[in-house]
Every structure is written in structure tokens, then in C-alpha cells.
$ cat final-v5.cif   # mmCIF, C-alpha atoms
data_input
#
loop_
_atom_site.group_PDB
_atom_site.id
_atom_site.type_symbol
_atom_site.label_atom_id
_atom_site.label_comp_id
_atom_site.auth_asym_id
_atom_site.auth_seq_id
_atom_site.Cartn_x
_atom_site.Cartn_y
_atom_site.Cartn_z
ATOM 1 C CA MET H 1146 5.804 0.964 -26.105
ATOM 2 C CA THR H 1147 2.306 2.235 -25.286
ATOM 3 C CA GLU H 1148 0.191 2.659 -22.179
ATOM 4 C CA ARG H 1149 -1.786 -0.437 -23.107
ATOM 5 C CA PRO H 1150 -0.750 -4.063 -22.525
ATOM 6 C CA ARG H 1151 0.721 -5.500 -25.702
ATOM 7 C CA ALA H 1152 1.438 -9.080 -26.703
ATOM 8 C CA ILE H 1153 4.913 -9.557 -28.132
ATOM 9 C CA ASP H 1154 6.225 -12.053 -30.612
ATOM 10 C CA ALA H 1155 7.664 -15.169 -29.013
ATOM 11 C CA PRO H 1156 8.568 -18.626 -30.299
ATOM 12 C CA PRO H 1157 5.387 -20.722 -30.491
ATOM 13 C CA THR H 1158 6.880 -23.458 -28.308
ATOM 14 C CA GLY H 1159 3.631 -24.567 -26.723
ATOM 15 C CA SER H 1160 5.576 -25.236 -23.511
ATOM 16 C CA PHE H 1161 4.764 -23.300 -20.344
ATOM 17 C CA GLU H 1162 8.293 -23.768 -19.006
ATOM 18 C CA GLU H 1163 9.888 -22.532 -22.221
ATOM 19 C CA MET H 1164 7.646 -19.482 -22.303
ATOM 20 C CA LEU H 1165 8.776 -18.671 -18.761
ATOM 21 C CA ARG H 1166 12.383 -18.921 -19.899
ATOM 22 C CA VAL H 1167 11.640 -16.452 -22.686
ATOM 23 C CA ILE H 1168 10.254 -14.023 -20.096
ATOM 24 C CA GLU H 1169 13.369 -14.460 -17.935
ATOM 25 C CA GLU H 1170 15.609 -13.614 -20.889
ATOM 26 C CA LEU H 1171 13.436 -10.756 -22.120
ATOM 27 C CA ASP H 1172 14.989 -7.295 -22.068
ATOM 28 C CA THR H 1173 11.891 -5.543 -20.757
ATOM 29 C CA PRO H 1174 12.024 -1.717 -20.990
ATOM 30 C CA ALA H 1175 12.346 0.168 -17.704
ATOM 31 C CA GLY H 1176 8.945 0.731 -16.153
ATOM 32 C CA TYR H 1177 7.345 -2.268 -17.865
ATOM 33 C CA LYS H 1178 6.557 -5.811 -16.772
ATOM 34 C CA ALA H 1179 6.143 -9.038 -18.715
ATOM 35 C CA GLU H 1180 3.437 -11.562 -17.847
ATOM 36 C CA LEU H 1181 2.208 -14.809 -19.364
ATOM 37 C CA ILE H 1182 -1.501 -14.392 -20.128
ATOM 38 C CA ARG H 1183 -3.599 -16.770 -22.253
ATOM 39 C CA GLY H 1184 -0.505 -18.405 -23.706
ATOM 40 C CA LYS H 1185 1.040 -15.100 -24.798
ATOM 41 C CA ILE H 1186 3.761 -12.923 -23.327
ATOM 42 C CA VAL H 1187 2.145 -9.575 -22.535
ATOM 43 C CA VAL H 1188 4.237 -6.487 -21.794
ATOM 44 C CA SER H 1189 2.521 -3.623 -19.987
ATOM 45 C CA PRO H 1190 3.525 -0.545 -17.987
ATOM 46 C CA TRP H 1191 3.676 -0.594 -14.210
ATOM 47 C CA SER H 1192 1.142 1.504 -12.328
ATOM 48 C CA LYS H 1193 0.696 5.185 -13.055
ATOM 49 C CA LEU H 1194 2.512 7.732 -10.885
ATOM 50 C CA ARG H 1195 -0.790 8.952 -9.463
ATOM 51 C CA TYR H 1196 -1.423 5.476 -8.060
ATOM 52 C CA LEU H 1197 1.518 5.781 -5.656
ATOM 53 C CA ARG H 1198 -0.509 7.318 -2.828
ATOM 54 C CA PRO H 1199 -3.325 4.735 -2.797
ATOM 55 C CA MET H 1200 -0.760 1.959 -3.247
ATOM 56 C CA ARG H 1201 1.191 3.119 -0.209
ATOM 57 C CA ARG H 1202 -1.987 3.451 1.877
ATOM 58 C CA LEU H 1203 -3.078 -0.031 0.863
ATOM 59 C CA ARG H 1204 0.323 -1.570 1.532
ATOM 60 C CA ALA H 1205 0.663 -0.027 4.993
ATOM 61 C CA GLN H 1206 -2.690 -1.405 6.135
ATOM 62 C CA VAL H 1207 -2.320 -4.859 4.590
ATOM 63 C CA GLU H 1208 1.235 -5.259 5.867
ATOM 64 C CA ALA H 1209 0.125 -4.568 9.439
ATOM 65 C CA HIS H 1210 -2.232 -7.568 9.306
ATOM 66 C CA ALA H 1211 -0.245 -10.007 7.128
ATOM 67 C CA PRO H 1212 0.105 -13.595 8.360
ATOM 68 C CA ASP H 1213 3.289 -14.464 10.247
ATOM 69 C CA GLY H 1214 6.183 -15.145 7.899
ATOM 70 C CA HIS H 1215 4.539 -13.356 4.972
ATOM 71 C CA VAL H 1216 5.981 -10.274 3.281
ATOM 72 C CA THR H 1217 4.065 -7.449 1.616
ATOM 73 C CA GLU H 1218 5.642 -6.024 -1.536
ATOM 74 C CA THR H 1219 4.965 -3.918 -4.601
ATOM 75 C CA SER H 1220 8.215 -5.045 -6.210
ATOM 76 C CA PRO H 1221 7.965 -6.481 -9.736
ATOM 77 C CA PHE H 1222 7.994 -10.219 -9.069
ATOM 78 C CA LEU H 1223 6.426 -12.807 -11.356
ATOM 79 C CA PHE H 1224 4.301 -15.515 -9.733
ATOM 80 C CA VAL H 1225 3.593 -18.663 -11.705
ATOM 81 C CA PHE H 1226 0.449 -20.803 -11.723
ATOM 82 C CA PRO H 1227 1.365 -24.027 -13.571
ATOM 83 C CA PRO H 1228 -2.147 -25.567 -13.586
ATOM 84 C CA SER H 1229 -3.438 -22.449 -15.373
ATOM 85 C CA GLU H 1230 -0.197 -21.924 -17.322
ATOM 86 C CA ARG H 1231 -0.122 -18.287 -16.231
ATOM 87 C CA GLY H 1232 2.572 -15.978 -14.927
ATOM 88 C CA CYS H 1233 1.286 -12.833 -13.192
ATOM 89 C CA GLY H 1234 2.998 -9.811 -11.686
ATOM 90 C CA PRO H 1235 0.487 -8.301 -9.219
ATOM 91 C CA ASP H 1236 0.628 -4.605 -8.354
ATOM 92 C CA LEU H 1237 0.822 -5.640 -4.695
ATOM 93 C CA HIS H 1238 1.314 -9.068 -3.204
ATOM 94 C CA VAL H 1239 1.564 -10.774 0.173
ATOM 95 C CA ALA H 1240 3.421 -14.071 0.093
ATOM 96 C CA ASP H 1241 5.253 -16.548 2.288
ATOM 97 C CA GLU H 1242 8.819 -15.298 2.563
ATOM 98 C CA SER H 1243 10.182 -18.785 1.931
ATOM 99 C CA ALA H 1244 8.974 -18.515 -1.693
ATOM 100 C CA PHE H 1245 11.812 -16.074 -2.363
ATOM 101 C CA GLU H 1246 14.524 -18.486 -1.267
ATOM 102 C CA ALA H 1247 14.196 -20.492 -4.484
ATOM 103 C CA GLU H 1248 16.471 -20.146 -7.495
ATOM 104 C CA GLY H 1249 15.258 -18.385 -10.617
ATOM 105 C CA ARG H 1250 13.271 -15.247 -11.296
ATOM 106 C CA HIS H 1251 9.714 -16.321 -10.609
ATOM 107 C CA ALA H 1252 7.933 -17.500 -7.459
ATOM 108 C CA ASP H 1253 5.282 -20.141 -6.839
ATOM 109 C CA GLY H 1254 1.770 -18.673 -6.887
ATOM 110 C CA SER H 1255 0.712 -21.046 -4.107
ATOM 111 C CA ALA H 1256 2.792 -18.961 -1.682
ATOM 112 C CA LEU H 1257 0.453 -15.970 -2.070
ATOM 113 C CA SER H 1258 -2.024 -15.043 0.653
ATOM 114 C CA LEU H 1259 -3.253 -11.851 -1.034
ATOM 115 C CA VAL H 1260 -2.895 -10.031 -4.345
ATOM 116 C CA ALA H 1261 -4.085 -6.570 -5.339
ATOM 117 C CA GLU H 1262 -4.464 -4.995 -8.751
ATOM 118 C CA LEU H 1263 -5.119 -1.302 -9.363
ATOM 119 C CA THR H 1264 -6.986 -1.504 -12.620
ATOM 120 C CA SER H 1265 -7.794 1.132 -15.210
ATOM 121 C CA ASP H 1266 -9.370 0.949 -18.658
ATOM 122 C CA SER H 1267 -6.216 -0.383 -20.305
ATOM 123 C CA ALA H 1268 -5.895 -3.407 -18.001
ATOM 124 C CA LYS H 1269 -9.439 -4.087 -16.826
ATOM 125 C CA ASP H 1270 -10.146 -7.055 -19.111
ATOM 126 C CA VAL H 1271 -7.096 -8.962 -17.901
ATOM 127 C CA ASP H 1272 -7.627 -8.036 -14.237
ATOM 128 C CA TRP H 1273 -11.365 -8.766 -14.222
ATOM 129 C CA LEU H 1274 -11.326 -11.919 -16.320
ATOM 130 C CA ASP H 1275 -8.051 -13.780 -16.731
ATOM 131 C CA LYS H 1276 -6.375 -12.823 -13.466
ATOM 132 C CA MET H 1277 -9.577 -13.193 -11.469
ATOM 133 C CA ALA H 1278 -9.957 -16.742 -12.762
ATOM 134 C CA THR H 1279 -6.297 -17.548 -12.120
ATOM 135 C CA TYR H 1280 -6.113 -16.072 -8.625
ATOM 136 C CA GLY H 1281 -9.572 -17.413 -7.788
ATOM 137 C CA ARG H 1282 -8.378 -21.010 -7.825
ATOM 138 C CA ILE H 1283 -5.618 -20.598 -5.251
ATOM 139 C CA VAL H 1284 -5.064 -17.116 -3.736
ATOM 140 C CA PRO H 1285 -7.066 -16.587 -0.499
ATOM 141 C CA VAL H 1286 -7.824 -12.880 -1.068
ATOM 142 C CA TYR H 1287 -7.921 -10.745 -4.224
ATOM 143 C CA LEU H 1288 -8.352 -6.968 -3.995
ATOM 144 C CA LEU H 1289 -9.341 -5.311 -7.247
ATOM 145 C CA LEU H 1290 -9.279 -1.524 -7.057
ATOM 146 C CA ASP H 1291 -11.272 -0.028 -9.914
ATOM 147 C CA MET H 1292 -9.555 3.348 -10.268
ATOM 148 C CA ARG H 1293 -11.963 4.635 -12.923
ATOM 149 C CA GLY H 1294 -15.077 3.414 -11.112
ATOM 150 C CA GLY H 1295 -13.826 4.550 -7.702
ATOM 151 C CA GLU H 1296 -14.515 1.309 -5.841
ATOM 152 C CA ILE H 1297 -12.759 -1.673 -4.328
ATOM 153 C CA ASN H 1298 -13.809 -5.269 -4.928
ATOM 154 C CA VAL H 1299 -12.855 -7.871 -2.346
ATOM 155 C CA LEU H 1300 -12.908 -11.509 -3.462
ATOM 156 C CA TRP H 1301 -12.142 -14.503 -1.262
ATOM 157 C CA ASP H 1302 -12.746 -18.210 -0.657
ATOM 158 C CA PRO H 1303 -10.999 -19.664 -3.741
ATOM 159 C CA SER H 1304 -12.198 -22.864 -5.387
ATOM 160 C CA PRO H 1305 -11.533 -24.827 -8.602
ATOM 161 C CA LYS H 1306 -14.287 -22.715 -10.200
ATOM 162 C CA GLY H 1307 -13.075 -19.382 -8.827
ATOM 163 C CA TYR H 1308 -13.909 -17.194 -5.857
ATOM 164 C CA ARG H 1309 -17.048 -18.090 -3.955
ATOM 165 C CA SER H 1310 -17.468 -14.765 -2.144
ATOM 166 C CA ARG H 1311 -17.282 -11.136 -3.199
ATOM 167 C CA THR H 1312 -18.172 -7.683 -1.941
ATOM 168 C CA ASN H 1313 -17.488 -4.155 -3.128
ATOM 169 C CA VAL H 1314 -17.712 -0.641 -1.704
ATOM 170 C CA PRO H 1315 -16.994 2.816 -3.094
ATOM 171 C CA PHE H 1316 -13.735 4.466 -2.104
ATOM 172 C CA GLY H 1317 -14.157 6.299 1.186
ATOM 173 C CA ARG H 1318 -16.057 3.502 2.945
ATOM 174 C CA PRO H 1319 -14.390 0.811 5.057
ATOM 175 C CA VAL H 1320 -14.479 -2.791 3.867
ATOM 176 C CA ARG H 1321 -13.729 -6.024 5.684
ATOM 177 C CA ILE H 1322 -10.689 -7.972 4.500
ATOM 178 C CA PRO H 1323 -11.295 -11.634 5.391
ATOM 179 C CA ALA H 1324 -8.972 -14.240 6.897
ATOM 180 C CA PRO H 1325 -6.078 -14.711 7.038
ATOM 181 C CA PHE H 1326 -5.979 -10.890 7.411
ATOM 182 C CA ASP H 1327 -9.264 -10.167 9.196
ATOM 183 C CA PHE H 1328 -9.373 -6.374 9.487
ATOM 184 C CA GLU H 1329 -11.305 -3.310 8.344
ATOM 185 C CA LEU H 1330 -9.578 -1.609 5.404
ATOM 186 C CA ASP H 1331 -9.874 2.182 5.322
ATOM 187 C CA THR H 1332 -10.284 3.155 1.661
ATOM 188 C CA ALA H 1333 -10.223 6.914 2.235
ATOM 189 C CA GLY H 1334 -7.650 8.476 -0.054
ATOM 190 C CA PHE H 1335 -7.742 5.699 -2.646
ATOM 191 C CA GLY H 1336 -9.475 7.817 -5.287
ATOM 192 C CA VAL H 1337 -7.557 9.587 -8.055
ATOM 193 C CA GLU H 1338 -8.525 11.635 -11.093
ATOM 194 C CA GLU H 1339 -8.478 9.405 -14.147
ATOM 195 C CA ASP H 1340 -7.745 10.728 -17.634
ATOM 196 C CA VAL H 1341 -10.307 9.843 -20.289
ATOM 197 C CA ASN H 1342 -8.795 7.933 -23.196
ATOM 198 C CA PRO H 1343 -10.578 8.776 -26.491
ATOM 199 C CA GLU H 1344 -10.204 5.152 -27.604
ATOM 200 C CA ASP H 1345 -12.068 3.978 -24.514
ATOM 201 C CA GLU H 1346 -14.899 6.483 -25.029
ATOM 202 C CA GLN H 1347 -15.566 4.882 -28.404
ATOM 203 C CA ARG H 1348 -15.807 1.357 -26.991
#

$ encode --input "final-v5.cif" --output "C-alpha cells"
Amino acid sequence: MTERPRAIDAPPTGSFEEMLRVIEELDTPAGYKAELIRGKIVVSPWSKLRYLRPMRRLRAQVEAHAPDGHVTETSPFLFVFPPSERGCGPDLHVADESAFEAEGRHADGSALSLVAELTSDSAKDVDWLDKMATYGRIVPVYLLLDMRGGEINVLWDPSPKGYRSRTNVPFGRPVRIPAPFDFELDTAGFGVEEDVNPEDEQR
């Protein structure tokens, strides 16, 4: 396995439900997650160790303002979006606790009130394009932390065509997180030193 997301071979069933079953039966290596992106099963590593501190700071603040009955987690759960035929495992999620009472190993994406992705060069295309489009149809708030760029993007007001509103600030400045959270997020301490990947310098 590598540090970059990698599509794996899977039976070309053409069925969203069957692809989800393949993911459930997949023996994913420790420290990796499997998602269903653009009709392919993509295996990628969980967040880098150096992301622990900003992740904990983000979780503590978001959790304090989560809607009643919603839980804030960084655990590796897969959320499914049948209309988009996607299955995503956000770095951090806030979701209605009732979503975890169902059978199976994946939860309904409609239960989410907020998702956050800490993106780096290896995952930025998926986080900025595919996941933004998927979350933007149904999830009220999407936080995209650009760890290389040192800024946080806040997207909200989902619609069939994606998020209608967006703002961004550099790490170190506060930013408003809209309803149903409605608070000022302190981004101090979110920045980390990012290694430069020679492959990315050539792109």
C-alpha cells in the first residue's frame, strides 16, 4: 500500500448495493479505509499522525455545538449516498445518533449534519471535487481543511447542484460555522508542517 489513494480490482457488477457488499467483505489493511468513489472502490490511508492535534481541536469545538441527538466522531464509518452512488468515510463527522442503530456496516448519509476532511496533495482531487459534489447535495456543512495551503474552507446551504455558500480563512483566524452549529471556530493550532512530495512538485 502507498500513501496515495488507490483503486482496487473489484467485480464489475454495475450495482451500487453489490459494490457496498464488496467493501463490507474487504480485508482492508490496518490504518486504511475503503470508499466508493466514481464507481470504483478506493483504498487510502487514514489521516497522518501530525493531523491528530488539529483533528482533536476541531472535534472538541464542533462537538460542543452539535445539534441535540447528534454525535461527533472521527471513527472510520462509511456513509452512503445512494442517489450519487457514493460511499464516503469522512475524517470527522457529526450525525444523528439514530443512524447507528441500523444493521450493517454503513450509515445513511442523510443523517449527517457536518463532515470535515483534512486534505493534502494525495487526496485533494477527491475531497475538492467528488466529495464536495456528493456532500453538497445533502450535508448541511462541509469543512475542508487544506493542510498544505494552511486554510479552512467552510461550505454550506446544500442544493441539487451543490453548495450555494462558501467562505475560507487562513489558519489562525476565526471563521463562522453556520446553522445548525452557529458558532465561531478558532482555527489557531490547525497548521502543521507538510512534507513536499517530489511527485507533486512535478505536477

$ residues_around --input "final-v5.cif" --residues "H:Pro1323" --least-positions-apart "2" --cutoff "12 Å" --atoms "only C-alpha atoms" --output "list in words"
Val1207, His1210, Ala1211, Pro1212, Ser1258, Leu1259, Pro1285, Val1286, Tyr1287, Leu1288, Val1299, Leu1300, Trp1301, Asp1302, Ser1310, Arg1311, Thr1312, Val1320, Arg1321, Pro1325, Phe1326, Asp1327, Phe1328, Glu1329 and Leu1330 of chain H

$ atom_distance --input "final-v5.cif" --atom1 "atom CA of H:Gly1176" --atom2 "atom CA of H:Arg1195"
14.4 Å

$ residues_around --input "final-v5.cif" --residues "H:Ala1252" --least-positions-apart "4" --cutoff "8 Å" --atoms "all atoms listed in the file" --output "list of chain:residue names"
H:Phe1222, H:Leu1223, H:Phe1224, H:Val1225, H:Ala1244, H:Phe1245, H:Ala1247, H:Ala1256

$ closest_residue --input "final-v5.cif" --among "H:Leu1289, H:Met1200, H:Ala1278, H:Val1314" --to "H:Phe1335" --atoms "all atoms listed in the file"
H:Met1200

$ residues_around --input "final-v5.cif" --residues "H:Arg1183" --least-positions-apart "6" --cutoff "8 Å" --atoms "only C-alpha atoms" --output "list in words"
Glu1230, Arg1231 and Asp1275 of chain H

$ resolve_selection --input "final-v5.cif" --expression "the PyMOL selection byres ((chain H and resi 1177) around 7)" --output "ChimeraX atom specification"
/H:1173-1176,1178-1179,1188-1191

$ residues_around --input "final-v5.cif" --residues "stretch 1168-1170 of chain H" --least-positions-apart "6" --cutoff "12 Å" --atoms "all atoms listed in the file" --output "list of chain:residue names"
H:Ile1153, H:Asp1154, H:Ala1155, H:Pro1156, H:Phe1161, H:Glu1162, H:Lys1178, H:Ala1179, H:Glu1180, H:Leu1181, H:Ile1182, H:Lys1185, H:Ile1186, H:Val1187, H:Val1188, H:Phe1222, H:Leu1223, H:Val1225, H:Arg1231, H:Gly1232, H:Cys1233, H:Gly1234, H:Gly1249, H:Arg1250, H:His1251

$ closest_residue --input "final-v5.cif" --among "H:Leu1290, H:Ile1322, H:Val1260, H:Ile1283" --to "H:Lys1306" --atoms "all atoms listed in the file"
H:Ile1283

$ atom_distance --input "final-v5.cif" --atom1 "atom CA of H:Pro1303" --atom2 "atom CA of H:Val1284"
6.5 Å

$ closest_residue --input "final-v5.cif" --among "H:Pro1221, H:Gly1336, H:Pro1305, H:Gly1281" --to "H:Leu1263" --atoms "only C-alpha atoms"
H:Gly1336

$ closest_residue --input "final-v5.cif" --among "H:Leu1197, H:Met1277, H:Ala1209, H:Ala1333" --to "H:Ser1229" --atoms "all atoms listed in the file"
H:Met1277

$ atom_distance --input "final-v5.cif" --atom1 "atom CA of H:His1238" --atom2 "atom CA of H:Asp1213"
14.6 Å

$ residues_around --input "final-v5.cif" --residues "H:Arg1204" --least-positions-apart "2" --cutoff "8 Å" --atoms "all atoms listed in the file" --output "list in words"
Met1200, Arg1201, Arg1202, Gln1206, Val1207, Glu1208, Thr1217, Glu1218 and Leu1237 of chain H

$ closest_residue --input "final-v5.cif" --among "H:Val1337, H:Pro1235, H:Gly1254, H:Arg1198" --to "H:Val1271" --atoms "all atoms listed in the file"
H:Pro1235

$ closest_residue --input "final-v5.cif" --among "H:Gly1294, H:Thr1279, H:Thr1332, H:Glu1248" --to "H:Thr1264" --atoms "all atoms listed in the file"
H:Gly1294

$ resolve_selection --input "final-v5.cif" --expression "the PyMOL selection byres ((chain H and resi 1338) around 12)" --output "PyMOL selection string"
chain H and resi 1193-1196+1199+1265+1292-1295+1334-1337+1339-1341

$ axis_aligned_box --input "final-v5.cif" --around "stretch 1308-1325 of chain H" --padding-each-side "6 Å" --output "lines of an AutoDock Vina configuration file"
center_x = -12.1
center_y = -5.9
center_z = 0.6
size_x = 24.1
size_y = 36.4
size_z = 24.9
